[in-house]
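Asks: This is the content of model.cif (mmCIF, C-alpha atoms):
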```cif
data_upload
loop_
_atom_site.group_PDB
_atom_site.id
_atom_site.type_symbol
_atom_site.label_atom_id
_atom_site.label_comp_id
_atom_site.auth_asym_id
_atom_site.auth_seq_id
_atom_site.Cartn_x
_atom_site.Cartn_y
_atom_site.Cartn_z
ATOM 1 C CA MET A 26 -14.734 -55.712 95.594
ATOM 2 C CA GLN A 27 -13.933 -56.152 99.245
ATOM 3 C CA ILE A 28 -13.690 -58.860 101.866
ATOM 4 C CA ALA A 29 -16.546 -59.149 104.345
ATOM 5 C CA ARG A 30 -18.002 -61.426 106.963
ATOM 6 C CA VAL A 31 -21.666 -62.444 106.761
ATOM 7 C CA ILE A 32 -23.081 -61.506 110.159
ATOM 8 C CA GLY A 33 -26.806 -61.960 109.694
ATOM 9 C CA THR A 34 -29.817 -62.431 107.466
ATOM 10 C CA VAL A 35 -32.613 -60.067 106.528
ATOM 11 C CA VAL A 36 -36.038 -61.664 106.152
ATOM 12 C CA SER A 37 -38.249 -59.797 103.725
ATOM 13 C CA THR A 38 -41.546 -61.106 102.341
ATOM 14 C CA VAL A 39 -42.687 -58.024 100.504
ATOM 15 C CA LYS A 40 -39.993 -57.149 98.017
ATOM 16 C CA ASN A 41 -39.491 -56.148 94.430
ATOM 17 C CA GLU A 42 -40.711 -59.081 92.346
ATOM 18 C CA SER A 43 -37.399 -59.529 90.555
ATOM 19 C CA LEU A 44 -35.887 -60.269 93.994
ATOM 20 C CA PHE A 45 -38.230 -63.196 94.705
ATOM 21 C CA GLY A 46 -36.200 -66.259 95.690
ATOM 22 C CA ARG A 47 -33.117 -64.186 96.452
ATOM 23 C CA LYS A 48 -31.438 -64.003 99.843
ATOM 24 C CA PHE A 49 -30.544 -60.766 101.639
ATOM 25 C CA LEU A 50 -27.553 -61.085 103.971
ATOM 26 C CA ILE A 51 -25.952 -58.559 106.294
ATOM 27 C CA VAL A 52 -22.233 -58.214 105.650
ATOM 28 C CA GLN A 53 -19.571 -56.476 107.704
ATOM 29 C CA THR A 54 -16.712 -55.307 105.500
ATOM 30 C CA LEU A 55 -13.218 -56.155 106.749
ATOM 31 C CA ASP A 56 -9.745 -54.829 106.046
ATOM 32 C CA ALA A 57 -6.703 -56.941 105.071
ATOM 33 C CA ASP A 58 -6.177 -57.913 108.722
ATOM 34 C CA LEU A 59 -9.828 -58.949 108.993
ATOM 35 C CA ASN A 60 -10.698 -56.080 111.304
ATOM 36 C CA LYS A 61 -14.106 -54.444 110.927
ATOM 37 C CA LYS A 62 -14.253 -51.522 108.553
ATOM 38 C CA GLY A 63 -17.279 -49.237 108.315
ATOM 39 C CA ASN A 64 -20.913 -50.068 108.950
ATOM 40 C CA PRO A 65 -22.641 -53.353 108.133
ATOM 41 C CA MET A 66 -24.728 -53.353 104.974
ATOM 42 C CA VAL A 67 -27.159 -55.541 103.112
ATOM 43 C CA ALA A 68 -25.955 -57.634 100.171
ATOM 44 C CA LEU A 69 -27.784 -59.956 97.800
ATOM 45 C CA ASP A 70 -26.410 -63.491 97.680
ATOM 46 C CA ALA A 71 -25.299 -64.983 94.351
ATOM 47 C CA VAL A 72 -23.210 -67.933 95.575
ATOM 48 C CA GLY A 73 -25.083 -69.576 98.455
ATOM 49 C CA ALA A 74 -23.178 -67.940 101.297
ATOM 50 C CA GLY A 75 -24.257 -68.430 104.904
ATOM 51 C CA VAL A 76 -23.995 -66.615 108.204
ATOM 52 C CA GLY A 77 -20.457 -66.572 109.643
ATOM 53 C CA GLU A 78 -18.712 -67.117 106.318
ATOM 54 C CA LEU A 79 -15.925 -64.993 104.898
ATOM 55 C CA VAL A 80 -16.972 -63.668 101.486
ATOM 56 C CA PHE A 81 -16.265 -60.918 99.017
ATOM 57 C CA TRP A 82 -18.774 -58.574 97.474
ATOM 58 C CA CYS A 83 -19.022 -56.341 94.448
ATOM 59 C CA ARG A 84 -20.832 -53.003 94.228
ATOM 60 C CA GLY A 85 -22.436 -50.905 91.561
ATOM 61 C CA LYS A 86 -24.418 -51.872 88.477
ATOM 62 C CA GLU A 87 -22.125 -54.866 88.044
ATOM 63 C CA ALA A 88 -23.716 -56.274 91.214
ATOM 64 C CA SER A 89 -26.769 -57.293 89.196
ATOM 65 C CA PHE A 90 -24.799 -59.135 86.484
ATOM 66 C CA PRO A 91 -24.613 -62.521 88.297
ATOM 67 C CA PHE A 92 -28.382 -62.905 87.994
ATOM 68 C CA LYS A 93 -29.976 -64.207 84.849
ATOM 69 C CA ARG A 94 -32.912 -61.893 85.062
ATOM 70 C CA ASP A 95 -30.741 -58.895 84.551
ATOM 71 C CA GLU A 96 -33.322 -56.501 85.943
ATOM 72 C CA THR A 97 -32.475 -57.603 89.500
ATOM 73 C CA PRO A 98 -32.181 -54.353 91.475
ATOM 74 C CA THR A 99 -29.139 -54.603 93.708
ATOM 75 C CA ASP A 100 -26.109 -52.439 94.408
ATOM 76 C CA CYS A 101 -24.156 -54.990 96.443
ATOM 77 C CA THR A 102 -23.832 -58.708 95.701
ATOM 78 C CA ILE A 103 -21.817 -61.481 97.321
ATOM 79 C CA VAL A 104 -19.847 -63.007 94.455
ATOM 80 C CA GLY A 105 -17.467 -65.389 96.232
ATOM 81 C CA ILE A 106 -16.884 -67.369 99.398
ATOM 82 C CA ILE A 107 -13.336 -67.342 100.763
ATOM 83 C CA ASP A 108 -12.382 -70.902 101.697
ATOM 84 C CA SER A 109 -10.864 -69.916 105.042
ATOM 85 C CA ASP A 110 -8.873 -67.109 106.580
ATOM 86 C CA ALA A 111 -5.869 -69.431 106.471
ATOM 87 C CA HIS A 112 -5.937 -68.839 102.715
ATOM 88 C CA MET A 113 -5.486 -65.111 103.122
ATOM 89 C CA ARG A 114 -2.063 -63.537 103.152
ATOM 90 C CA ASN A 115 -1.452 -59.968 104.161
ATOM 91 C CA GLY A 116 2.097 -59.345 102.955
ATOM 92 C CA GLU A 117 4.422 -61.598 104.928
ATOM 93 C CA LYS A 118 1.920 -61.947 107.730
ATOM 94 C CA LYS A 119 -0.188 -65.093 107.505
ATOM 95 C CA LYS A 120 -3.615 -64.635 108.997
ATOM 96 C CA MET B 6 -27.872 -51.844 100.072
ATOM 97 C CA LEU B 7 -28.755 -50.269 103.363
ATOM 98 C CA ILE B 8 -31.356 -50.802 106.038
ATOM 99 C CA ALA B 9 -33.550 -47.813 106.801
ATOM 100 C CA ARG B 10 -36.735 -46.782 108.508
ATOM 101 C CA VAL B 11 -39.328 -44.860 106.504
ATOM 102 C CA ILE B 12 -39.887 -41.647 108.451
ATOM 103 C CA GLY B 13 -42.187 -39.823 106.076
ATOM 104 C CA ASN B 14 -43.105 -39.116 102.516
ATOM 105 C CA VAL B 15 -42.274 -36.199 100.279
ATOM 106 C CA VAL B 16 -44.917 -34.419 98.222
ATOM 107 C CA ALA B 17 -43.669 -32.624 95.129
ATOM 108 C CA SER B 18 -45.989 -31.337 92.406
ATOM 109 C CA GLN B 19 -43.189 -30.046 90.199
ATOM 110 C CA LYS B 20 -40.880 -32.923 89.474
ATOM 111 C CA ASN B 21 -39.097 -34.756 86.722
ATOM 112 C CA GLN B 22 -41.591 -36.546 84.440
ATOM 113 C CA ARG B 23 -40.198 -39.959 85.234
ATOM 114 C CA TYR B 24 -41.145 -39.519 88.901
ATOM 115 C CA GLU B 25 -44.859 -39.294 88.038
ATOM 116 C CA GLY B 26 -46.913 -41.914 89.850
ATOM 117 C CA SER B 27 -44.133 -42.921 92.222
ATOM 118 C CA ARG B 28 -44.103 -42.334 95.930
ATOM 119 C CA ILE B 29 -41.101 -40.490 97.288
ATOM 120 C CA MET B 30 -40.205 -41.628 100.795
ATOM 121 C CA LEU B 31 -37.987 -39.983 103.375
ATOM 122 C CA CYS B 32 -35.779 -42.622 105.018
ATOM 123 C CA ARG B 33 -33.350 -42.693 107.923
ATOM 124 C CA GLN B 34 -30.596 -45.295 107.881
ATOM 125 C CA ILE B 35 -30.545 -47.617 110.901
ATOM 126 C CA THR B 36 -28.124 -50.216 112.241
ATOM 127 C CA PRO B 37 -29.098 -53.921 112.067
ATOM 128 C CA GLU B 38 -29.997 -53.594 115.780
ATOM 129 C CA GLY B 39 -32.515 -50.868 114.920
ATOM 130 C CA ASP B 40 -30.714 -47.745 116.168
ATOM 131 C CA ASP B 41 -30.977 -44.570 114.102
ATOM 132 C CA MET B 42 -27.892 -43.439 112.225
ATOM 133 C CA ASP B 43 -27.027 -39.951 110.940
ATOM 134 C CA TYR B 44 -27.734 -40.579 107.270
ATOM 135 C CA THR B 45 -31.115 -39.544 105.842
ATOM 136 C CA CYS B 46 -32.099 -39.892 102.208
ATOM 137 C CA ILE B 47 -35.113 -39.946 99.949
ATOM 138 C CA ALA B 48 -35.889 -43.049 97.930
ATOM 139 C CA LEU B 49 -38.592 -43.991 95.461
ATOM 140 C CA ASP B 50 -40.912 -46.737 96.616
ATOM 141 C CA SER B 51 -41.356 -49.938 94.582
ATOM 142 C CA VAL B 52 -43.007 -52.149 97.234
ATOM 143 C CA ASN B 53 -45.732 -50.003 98.871
ATOM 144 C CA ALA B 54 -43.790 -49.334 102.042
ATOM 145 C CA GLY B 55 -45.405 -47.116 104.653
ATOM 146 C CA GLU B 56 -44.229 -44.760 107.341
ATOM 147 C CA GLY B 57 -42.529 -46.693 110.170
ATOM 148 C CA ASP B 58 -41.595 -49.687 108.006
ATOM 149 C CA ILE B 59 -38.038 -51.018 108.039
ATOM 150 C CA VAL B 60 -36.913 -51.293 104.427
ATOM 151 C CA VAL B 61 -33.978 -52.224 102.224
ATOM 152 C CA ILE B 62 -32.803 -49.455 99.895
ATOM 153 C CA ALA B 63 -30.746 -50.067 96.753
ATOM 154 C CA GLN B 64 -28.503 -47.109 95.962
ATOM 155 C CA GLU B 65 -27.475 -47.532 92.392
ATOM 156 C CA GLY B 66 -28.905 -45.660 89.425
ATOM 157 C CA TRP B 67 -29.802 -48.444 87.049
ATOM 158 C CA SER B 68 -31.287 -50.712 89.747
ATOM 159 C CA ALA B 69 -33.237 -47.912 91.390
ATOM 160 C CA SER B 70 -34.608 -46.652 88.110
ATOM 161 C CA THR B 71 -35.635 -50.146 86.984
ATOM 162 C CA ALA B 72 -37.202 -51.058 90.322
ATOM 163 C CA ALA B 73 -39.138 -47.833 90.793
ATOM 164 C CA THR B 74 -40.274 -46.992 87.264
ATOM 165 C CA GLY B 75 -39.857 -50.274 85.370
ATOM 166 C CA ARG B 76 -37.379 -48.730 82.964
ATOM 167 C CA ALA B 77 -33.747 -47.709 83.184
ATOM 168 C CA GLY B 78 -32.460 -44.235 82.485
ATOM 169 C CA ALA B 79 -34.360 -42.063 84.938
ATOM 170 C CA ALA B 80 -32.643 -39.583 87.247
ATOM 171 C CA ILE B 81 -33.163 -41.783 90.292
ATOM 172 C CA ASP B 82 -30.396 -43.156 92.481
ATOM 173 C CA SER B 83 -32.235 -44.752 95.424
ATOM 174 C CA ALA B 84 -35.201 -47.109 95.536
ATOM 175 C CA ILE B 85 -36.880 -49.112 98.257
ATOM 176 C CA VAL B 86 -36.696 -52.730 97.062
ATOM 177 C CA GLY B 87 -37.916 -54.684 100.099
ATOM 178 C CA VAL B 88 -39.787 -54.437 103.388
ATOM 179 C CA VAL B 89 -37.934 -56.118 106.259
ATOM 180 C CA ASP B 90 -39.869 -58.626 108.391
ATOM 181 C CA TYR B 91 -37.032 -59.237 110.797
ATOM 182 C CA ILE B 92 -33.254 -59.358 110.990
ATOM 183 C CA ASP B 93 -31.281 -62.292 112.373
ATOM 184 C CA LEU B 94 -27.821 -61.329 113.617
ATOM 185 C CA LEU B 95 -24.968 -63.519 114.804
ATOM 186 C CA PRO B 96 -25.053 -63.443 118.633
ATOM 187 C CA SER B 97 -21.448 -62.204 118.654
ATOM 188 C CA GLU B 98 -22.435 -59.170 116.562
ATOM 189 C CA LYS B 99 -25.255 -58.041 118.830
ATOM 190 C CA LYS B 100 -24.503 -55.146 121.148
#
```
Could you write out this file's structure as structure tokens?

Replies:
Amino acid sequence: MQIARVIGTVVSTVKNESLFGRKFLIVQTLDADLNKKGNPMVALDAVGAGVGELVFWCRGKEASFPFKRDETPTDCTIVGIIDSDAHMRNGEKKK
Amino acid sequence: MLIARVIGNVVASQKNQRYEGSRIMLCRQITPEGDDMDYTCIALDSVNAGEGDIVVIAQEGWSASTAATGRAGAAIDSAIVGVVDYIDLLPSEKK
């Protein structure tokens, strides 16, 4: 699981039917100092996150566990919204 | 999940049984802005994507196998799970 910022949305009409009603968001992963790390990727939303919010995501098969229909095909799911960056501490340094 | 452009399809007569009846697509990863990246992969199609389409690819064995063949347990690690209509990016993230 890693911290990321939601930087955009992906609109997709034709998609796997077990993804109907689900939201694709583009997330940019961040390091502990909230600097960009790696390339943006697409994540499925499980918590109602929106563009601009600080979130954390989970990868792998576990990414499909938040959804009731457990056949949801996803490898990256947003599983939490971080209240604000004021709530993040990197060692002694308060961000 | 990653965003990619379908750049072709792969024809293989000799293949694992579980691939029968699926379309194997050659995909090139792109940035949210639409620029080509270095990574190319093949993914099984579950949404009837065609050459030139921008798609979302799930890269996780269980999800890919379920999406592409309807059943888990096949030797498949990438599947196209959605066709992208358009991508909305935060203005600050656009180049």

Asks: Tell me which protein, DNA and RNA residues are within 8 Å of Thr97 (chain A), counting only C-alpha atoms, leaving out same-chain ones fewer than 4 positions away, and put them as a PDB file with C-alpha atoms, in the coordinates of the input.

Replies:
```pdb
ATOM      1  CA  SER A  43     -37.399 -59.529  90.555  1.00  0.00           C
ATOM      2  CA  LEU A  44     -35.887 -60.269  93.994  1.00  0.00           C
ATOM      3  CA  SER A  89     -26.769 -57.293  89.196  1.00  0.00           C
ATOM      4  CA  PHE A  92     -28.382 -62.905  87.994  1.00  0.00           C
TER       5      PHE A  92
ATOM      6  CA  SER B  68     -31.287 -50.712  89.747  1.00  0.00           C
TER       7      SER B  68
END
```

Asks: Pull out every residue that the PyMOL selection byres ((chain B) within 8 of (chain A)) matches in the shown coordinates and put them as a ChimeraX atom specification.

Replies: /B:6-8,36-37,51-52,61,63-69,71-72,86-95,98

Asks: Could you state the separation of CA of Asp50 (chain B) and CA of Ala84 (chain B) in Å, given to one decimal place?

Replies: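 Between these atoms lies a distance of 5.8 Å.
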
Asks: May I ask which of the residues A:Glu87, A:Gly63, A:Trp82, A:Val104 is the closest one to Met26 (chain A), counting only C-alpha atoms?

Replies: A:Trp82

Asks: How far is it from CA of Gly26 (chain B) to CA of Tyr44 (chain B), in Å with one decimal?

Replies: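 Between CA of Gly26 (chain B) and CA of Tyr44 (chain B) the gap works out to 25.9 Å.
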
Asks: Mind giving me the straight-line distance from CA of Glu78 (chain A) to CA of Arg30 (chain A) in Å, one decimal?

Replies: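 Rounded to one decimal, the two atoms are 5.8 Å apart.
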
Asks: What do you get, as a PyMOL selection string, if you spell out every residue that the PyMOL selection byres ((chain B and resi 10) around 7) selects here?

Replies: chain B and resi 9+11-12+32-35+57-60

Asks: As a ChimeraX atom specification, please: the residues near Val16 (chain B) (cut-off 10 Å, only C-alpha atoms, same-chain neighbours under 6 positions excluded).

Replies: /B:28-30

Asks: Just say which residues the PyMOL selection byres ((chain A and resi 54) around 6) picks in this file, as number ranges by chain.

Replies: A: 28-29, 53, 55, 62

Asks: Return the single residue from B:Glu25, B:Lys100, B:Thr45, B:Glu56 that is closest to Gly13 (chain B), with distances computed using all atoms listed in the file.

Replies: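 When distances to Gly13 (chain B) are compared using all atoms listed in the file, the smallest one comes from B:Glu56.
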
Asks: The centre and edge lengths of an axis-aligned box containing all atoms of region 19-37 of chain B present in the file, extended by 5 Å on each side, are to be given in Å to one decimal, as JSON.

Replies:
```
{"center_x": -37.5, "center_y": -42.0, "center_z": 98.3, "size_x": 28.8, "size_y": 33.9, "size_z": 37.8}
```

Asks: Of the candidates A:Cys83, A:Asp58, A:Pro91, A:Asp70, which shows the shortest atom-to-atom distance to Asp110 (chain A), using all atoms listed in the file?

Replies: A:Asp58
